[in-house]
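To start, the structure under review is shown below, and the notes come after it.
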Amino acid sequence: MTHKWTRALSWLALLLALGATIVAFTGMTLARVDRIGKLEGFGYLASSAPFAAAALVIGLIAIILNWRKGWPARRAALLGFLIALGFVGSLAVRVLMSSDAPMIHDATTDLADVPQFEAITLPDDNLRGLDNEAKWVALHEEGYPDLRSVVLDRPVAQTILDAETLAEERGWTIRAVEPEEGRLEATAYASYIRFEDEVVIRVRPDGAGRSLVDMRSTSRVGIGDLGVNAQRIHDFLEDLAAVR
């Protein structure tokens, strides 16, 4: 190919990569500040991904052609390739990290007695994507066998107060705190878009002066959560146990 085609492919890769990135971040930012819906904002990212993938392939071809033709448009080719690689690579890593996550959006430490919300109202279709609760339980047991209640050597009220402090440090919006009742409800946020996930922490006395802690985290939108809710529970309870 001539230098003309090499330059054309180099600039095409750059324009596609930049365009896909700008569109994706515009949509996600609008969703982050609630100018559009959260899923609509995610849709911008999803629709931009194929263009970023195309830019990655074209950028690689452009780099090879530049190498053969004496680098007539090396900056455009390299920039297009690297921007597209960052876009596609970040998505690929996120998908691979959550490849084992079940297609559910509600996670808890107690499937036999699921913690319930009182201050927060969940969507009517909180079982969306599933036929019945039994299917959710089966997927949950298979996907998150390690999510279990934890026992902490402190009173119920103190456990809730410690949980409130951790929730505030994470930037969650506290919806209800009842130390004596052993309940905390809050809204947590996921990803750059700030998807809203509802959290309830239930603490009961274990009969020996300690606290039996259960937690539930559920997404307001979407069918699957890429394992975000289960990871939130795991990380939060680990930090709560470490409080001294």
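If you're wondering about the labels, chains in the structure tokens are A, B, ... by order shown, residues count from 1 in each chain, ligands from 1 in order shown.
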
Note to self: For the strand (DSSP E or B) assignment from backbone DSSP, which residues of range 129-174 of chain A qualify? Please present them as an MDAnalysis selection string.
What the structure shows: chainID A and resid 150:152 173:174

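The spacing separating CA of Asp131 in chain A from CA of Arg216 in chain A amounts to 20.6 Å.
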
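The residue that comes closest to Leu56 in chain A, out of A:Lys69, A:Leu16, A:Ser90, A:Asp146 and on the basis of only C-alpha atoms, is A:Leu16.
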
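Taking CA of Thr121 in chain A and CA of Tyr189 in chain A as the two end points, the separation is 16.6 Å.
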
Next item on the list: Excluding Asp214 in chain A and any residue of its chain fewer than 2 positions from it, enumerate the residues within 8 Å of it, using only C-alpha atoms, and give them as number ranges by chain.
Entry: A: 108-110, 115, 148-150, 201-203, 212, 216
